[in-house]
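Student: Input file: input04.cif. Contents: mmCIF, C-alpha atoms and all ligand atoms; chains and numbers go by the auth columns.
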```cif
data_model
#
loop_
_atom_site.group_PDB
_atom_site.id
_atom_site.type_symbol
_atom_site.label_atom_id
_atom_site.label_comp_id
_atom_site.label_asym_id
_atom_site.label_seq_id
_atom_site.Cartn_x
_atom_site.Cartn_y
_atom_site.Cartn_z
_atom_site.B_iso_or_equiv
_atom_site.auth_seq_id
_atom_site.auth_asym_id
ATOM 1 C CA MET A 1 0.000 0.000 0.000 0.00 1 A
ATOM 2 C CA ALA A 2 1.106 3.521 -0.728 0.00 2 A
ATOM 3 C CA ARG A 3 -0.256 6.824 0.469 0.00 3 A
ATOM 4 C CA HIS A 4 -1.766 9.020 -2.257 0.00 4 A
ATOM 5 C CA ARG A 5 -2.981 12.618 -2.026 0.00 5 A
ATOM 6 C CA VAL A 6 -6.478 12.589 -3.541 0.00 6 A
ATOM 7 C CA CYS A 7 -7.825 16.087 -2.917 0.00 7 A
ATOM 8 C CA SER A 8 -7.785 19.110 -0.663 0.00 8 A
ATOM 9 C CA THR A 9 -10.250 19.373 2.198 0.00 9 A
ATOM 10 C CA THR A 10 -12.027 22.232 0.414 0.00 10 A
ATOM 11 C CA GLU A 11 -12.746 20.226 -2.746 0.00 11 A
ATOM 12 C CA VAL A 12 -15.466 18.025 -1.227 0.00 12 A
ATOM 13 C CA ASP A 13 -18.249 19.688 0.744 0.00 13 A
ATOM 14 C CA PRO A 14 -19.412 18.006 3.962 0.00 14 A
ATOM 15 C CA GLY A 15 -22.080 15.450 3.115 0.00 15 A
ATOM 16 C CA SER A 16 -20.822 14.821 -0.401 0.00 16 A
ATOM 17 C CA PHE A 17 -18.258 12.785 -2.267 0.00 17 A
ATOM 18 C CA MET A 18 -16.039 12.768 -5.328 0.00 18 A
ATOM 19 C CA ALA A 19 -14.701 10.195 -7.734 0.00 19 A
ATOM 20 C CA THR A 20 -10.963 9.958 -8.272 0.00 20 A
ATOM 21 C CA LYS A 21 -8.172 7.533 -9.096 0.00 21 A
ATOM 22 C CA ALA A 22 -5.206 6.508 -6.982 0.00 22 A
ATOM 23 C CA GLY A 23 -2.811 3.620 -7.193 0.00 23 A
ATOM 24 C CA GLY A 24 -4.394 2.525 -10.454 0.00 24 A
ATOM 25 C CA GLN A 25 -7.846 2.154 -8.871 0.00 25 A
ATOM 26 C CA LYS A 26 -11.071 4.112 -9.244 0.00 26 A
ATOM 27 C CA LEU A 27 -12.116 5.391 -5.829 0.00 27 A
ATOM 28 C CA LEU A 28 -14.813 7.401 -4.159 0.00 28 A
ATOM 29 C CA VAL A 29 -13.788 9.817 -1.403 0.00 29 A
ATOM 30 C CA PHE A 30 -16.506 10.778 1.076 0.00 30 A
ATOM 31 C CA HIS A 31 -16.620 13.752 3.426 0.00 31 A
ATOM 32 C CA LEU A 32 -18.996 12.988 6.280 0.00 32 A
ATOM 33 C CA ASP A 33 -19.629 14.735 9.580 0.00 33 A
ATOM 34 C CA ASP A 34 -17.380 12.265 11.393 0.00 34 A
ATOM 35 C CA GLY A 35 -14.522 12.237 8.920 0.00 35 A
ATOM 36 C CA TRP A 36 -13.248 11.187 5.520 0.00 36 A
ATOM 37 C CA PHE A 37 -13.694 7.740 3.999 0.00 37 A
ATOM 38 C CA ALA A 38 -12.781 6.025 0.742 0.00 38 A
ATOM 39 C CA THR A 39 -14.238 3.028 -1.080 0.00 39 A
ATOM 40 C CA GLN A 40 -13.788 1.320 -4.389 0.00 40 A
ATOM 41 C CA GLY A 41 -15.531 3.153 -7.203 0.00 41 A
ATOM 42 C CA SER A 42 -17.760 0.387 -8.537 0.00 42 A
ATOM 43 C CA CYS A 43 -20.508 -1.718 -7.059 0.00 43 A
ATOM 44 C CA THR A 44 -19.640 -5.285 -6.095 0.00 44 A
ATOM 45 C CA HIS A 45 -22.838 -6.642 -7.638 0.00 45 A
ATOM 46 C CA ILE A 46 -22.215 -6.164 -11.348 0.00 46 A
ATOM 47 C CA PHE A 47 -19.853 -3.213 -11.227 0.00 47 A
ATOM 48 C CA ALA A 48 -22.101 -0.183 -11.694 0.00 48 A
ATOM 49 C CA PRO A 49 -20.264 3.131 -11.290 0.00 49 A
ATOM 50 C CA LEU A 50 -21.077 4.187 -7.742 0.00 50 A
ATOM 51 C CA ASN A 51 -20.189 7.801 -8.518 0.00 51 A
ATOM 52 C CA LYS A 52 -23.668 7.876 -10.095 0.00 52 A
ATOM 53 C CA GLY A 53 -25.162 6.579 -6.848 0.00 53 A
ATOM 54 C CA THR A 54 -27.012 8.474 -4.143 0.00 54 A
ATOM 55 C CA LEU A 55 -25.373 9.278 -0.805 0.00 55 A
ATOM 56 C CA ASP A 56 -27.429 9.587 2.364 0.00 56 A
ATOM 57 C CA ALA A 57 -24.923 11.643 4.320 0.00 57 A
ATOM 58 C CA ASP A 58 -26.876 11.329 7.579 0.00 58 A
ATOM 59 C CA CYS A 59 -26.174 7.603 7.814 0.00 59 A
ATOM 60 C CA GLY A 60 -23.214 7.338 5.424 0.00 60 A
ATOM 61 C CA HIS A 61 -24.946 4.954 3.033 0.00 61 A
ATOM 62 C CA ILE A 62 -24.612 4.983 -0.749 0.00 62 A
ATOM 63 C CA THR A 63 -27.249 3.442 -3.010 0.00 63 A
ATOM 64 C CA CYS A 64 -26.123 1.854 -6.260 0.00 64 A
ATOM 65 C CA PRO A 65 -27.711 3.459 -9.342 0.00 65 A
ATOM 66 C CA PHE A 66 -28.311 0.130 -11.104 0.00 66 A
ATOM 67 C CA HIS A 67 -30.113 -2.251 -8.738 0.00 67 A
ATOM 68 C CA ARG A 68 -30.184 -0.185 -5.558 0.00 68 A
ATOM 69 C CA ALA A 69 -27.904 -2.193 -3.301 0.00 69 A
ATOM 70 C CA VAL A 70 -26.952 -0.071 -0.283 0.00 70 A
ATOM 71 C CA PHE A 71 -23.477 0.090 1.275 0.00 71 A
ATOM 72 C CA ASP A 72 -22.087 1.793 4.368 0.00 72 A
ATOM 73 C CA VAL A 73 -19.192 3.889 3.075 0.00 73 A
ATOM 74 C CA ARG A 74 -17.467 3.829 6.480 0.00 74 A
ATOM 75 C CA ASN A 75 -16.827 0.079 6.411 0.00 75 A
ATOM 76 C CA GLY A 76 -18.122 -1.073 3.025 0.00 76 A
ATOM 77 C CA LEU A 77 -20.704 -3.430 4.529 0.00 77 A
ATOM 78 C CA VAL A 78 -23.837 -4.280 2.582 0.00 78 A
ATOM 79 C CA GLN A 79 -26.887 -2.691 4.212 0.00 79 A
ATOM 80 C CA ALA A 80 -29.368 -3.981 1.634 0.00 80 A
ATOM 81 C CA GLY A 81 -28.951 -6.192 -1.382 0.00 81 A
ATOM 82 C CA PRO A 82 -30.061 -5.437 -4.938 0.00 82 A
ATOM 83 C CA SER A 83 -33.777 -4.717 -4.999 0.00 83 A
ATOM 84 C CA PHE A 84 -34.606 -3.210 -8.388 0.00 84 A
ATOM 85 C CA PRO A 85 -36.117 -4.194 -10.750 0.00 85 A
ATOM 86 C CA PRO A 86 -38.270 -6.826 -9.080 0.00 86 A
ATOM 87 C CA GLY A 87 -36.649 -10.215 -9.558 0.00 87 A
ATOM 88 C CA VAL A 88 -33.080 -8.900 -9.632 0.00 88 A
ATOM 89 C CA GLN A 89 -32.498 -10.886 -6.448 0.00 89 A
ATOM 90 C CA LEU A 90 -32.343 -13.970 -8.660 0.00 90 A
ATOM 91 C CA LEU A 91 -28.958 -12.728 -9.861 0.00 91 A
ATOM 92 C CA ASP A 92 -27.713 -13.014 -6.304 0.00 92 A
ATOM 93 C CA GLY A 93 -27.704 -16.753 -6.755 0.00 93 A
ATOM 94 C CA LEU A 94 -25.097 -16.227 -9.446 0.00 94 A
ATOM 95 C CA ARG A 95 -23.150 -13.454 -7.790 0.00 95 A
ATOM 96 C CA ALA A 96 -23.596 -12.605 -4.126 0.00 96 A
ATOM 97 C CA THR A 97 -23.201 -8.935 -3.310 0.00 97 A
ATOM 98 C CA ARG A 98 -20.006 -8.471 -1.347 0.00 98 A
ATOM 99 C CA PRO A 99 -18.874 -5.550 0.830 0.00 99 A
ATOM 100 C CA LEU A 100 -17.120 -2.648 -0.850 0.00 100 A
ATOM 101 C CA GLN A 101 -13.383 -2.486 -0.424 0.00 101 A
ATOM 102 C CA THR A 102 -12.479 0.452 1.799 0.00 102 A
ATOM 103 C CA PHE A 103 -9.188 2.286 2.136 0.00 103 A
ATOM 104 C CA PRO A 104 -7.556 4.055 5.099 0.00 104 A
ATOM 105 C CA THR A 105 -8.102 7.792 4.684 0.00 105 A
ATOM 106 C CA THR A 106 -6.337 10.569 6.566 0.00 106 A
ATOM 107 C CA VAL A 107 -6.190 14.348 6.573 0.00 107 A
ATOM 108 C CA ASP A 108 -2.855 16.104 6.873 0.00 108 A
ATOM 109 C CA GLY A 109 -3.181 19.875 6.909 0.00 109 A
ATOM 110 C CA ASP A 110 -5.431 20.771 3.988 0.00 110 A
ATOM 111 C CA ASP A 111 -4.802 17.553 2.099 0.00 111 A
ATOM 112 C CA VAL A 112 -6.702 14.241 2.061 0.00 112 A
ATOM 113 C CA TYR A 113 -4.721 11.023 1.598 0.00 113 A
ATOM 114 C CA VAL A 114 -5.845 7.489 0.803 0.00 114 A
ATOM 115 C CA GLU A 115 -3.724 4.369 1.248 0.00 115 A
ATOM 116 C CA VAL A 116 -4.130 2.144 -1.798 0.00 116 A
HETATM 117 S S1 LIG B . -24.714 -3.190 -9.947 0.00 201 A
HETATM 118 FE FE1 LIG B . -25.014 -2.308 -7.983 0.00 201 A
HETATM 119 S S2 LIG B . -26.749 -3.319 -7.197 0.00 201 A
HETATM 120 FE FE2 LIG B . -26.444 -4.227 -9.151 0.00 201 A
#
```
Mind turning this structure into structure tokens?

Tutor:
Amino acid sequence: MARHRVCSTTEVDPGSFMATKAGGQKLLVFHLDDGWFATQGSCTHIFAPLNKGTLDADCGHITCPFHRAVFDVRNGLVQAGPSFPPGVQLLDGLRATRPLQTFPTTVDGDDVYVEV
């Protein structure tokens, strides 16, 4: 793992997130009330781009834009599996939805770093 500067603290408003790349990986960097967090950039179900997803900043959950799986961005854990369209759960028999990979994220001065 190496430490990568991904943005300044002023680039991402509290309660929002940005997409970026570091260490050859697409990442999402989240600015929540209790700190900064980073996850992989695509859904673990069938790899939808999570930068098109919806963040509920109050609970730190992101909803996938494709089939609406929900993940906690603080630890990557699945909060709800794919639920849209009806019947999509049948795909889970082929590919179980796994947690998102998360990455240690730190702030040093005005800069945000992710270890990838
Ligand atoms: S691709 Fe994200 S829930 Fe299906």

Student: Quick check, in Å to one decimal: how far apart do CA of Ala57 (chain A) and CA of Leu27 (chain A) lie?

Tutor: 17.5 Å

Student: Determine the residue set returned by the PyMOL selection byres (((not hetatm)) within 12 of (chain A and resi 201)) for the present structure, and present it as number ranges by chain.

Tutor: A: 41-54, 62-71, 78-85, 87-92, 95-100

Student: For the atom pair CA of Ala19 (chain A) and CA of Thr39 (chain A), what is the interatomic distance in Å to one decimal place?

Tutor: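 Computing the Euclidean distance for CA of Ala19 (chain A) and CA of Thr39 (chain A) yields 9.8 Å.
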
Student: Evaluate the PyMOL selection byres (((chain A and resi 2) around 8) and not hetatm) and record the selected residues as a VMD selection string, following the chain and residue labels used in the document.

Tutor: chain A and resid 1 3 to 4 23 115 to 116

Student: Using all atoms listed in the file, which of the listed residues (A:Gly76, A:Pro86, A:Gly60, A:Gly35) sits closest to Thr106 (chain A)?

Tutor: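 With all atoms listed in the file as the atom set, the closest residue is A:Gly35.
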
Student: Counting only C-alpha atoms, which residues have an atom no more than 7 Å from (-6.6, 2.0, 3.8) in the file's coordinates? Please list them as a ChimeraX atom specification.

Tutor: /A:102-105,114-116

Student: Could you tell me how far CA of Asp33 (chain A) lies from CA of Pro14 (chain A), in Å and to one decimal?

Tutor: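 Taking CA of Asp33 (chain A) and CA of Pro14 (chain A), their separation equals 6.5 Å.
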
Student: Within 7 Å of Lys26 (chain A), counting all atoms listed in the file, which residues show up once you throw out same-chain ones fewer than 3 positions away? Write them as a list in words, please.

Tutor: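 The residues that qualify are Thr20, Lys21, Ala22, Gln40 and Gly41 of chain A.
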
Student: Let me have the centre and edge lengths of the axis-aligned box enclosing all listed atoms of region 65-77 of chain A with 3 Å padding on every side, in Å to one decimal, as JSON.

Tutor:
```
{"center_x": -23.5, "center_y": 0.2, "center_z": -2.3, "size_x": 19.4, "size_y": 13.3, "size_z": 23.6}
```

Student: Counting all atoms listed in the file, what is within 12 Å of Val107 (chain A), bar same-chain residues fewer than 4 positions away, as a list in words?

Tutor: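 Result of the neighbour search: Arg3, His4, Arg5, Val6, Cys7, Ser8, Thr9, Thr10, Val29, His31, Gly35, Trp36, Phe37, Asp111, Val112, Tyr113, Val114 and Glu115 of chain A.
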
Student: Counting only C-alpha atoms, which residue out of A:Leu28, A:Leu55, A:Asp34, A:Leu77 sits closest to Ser16 (chain A)?

Tutor: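 Under the stated criterion, the closest residue is A:Leu55.
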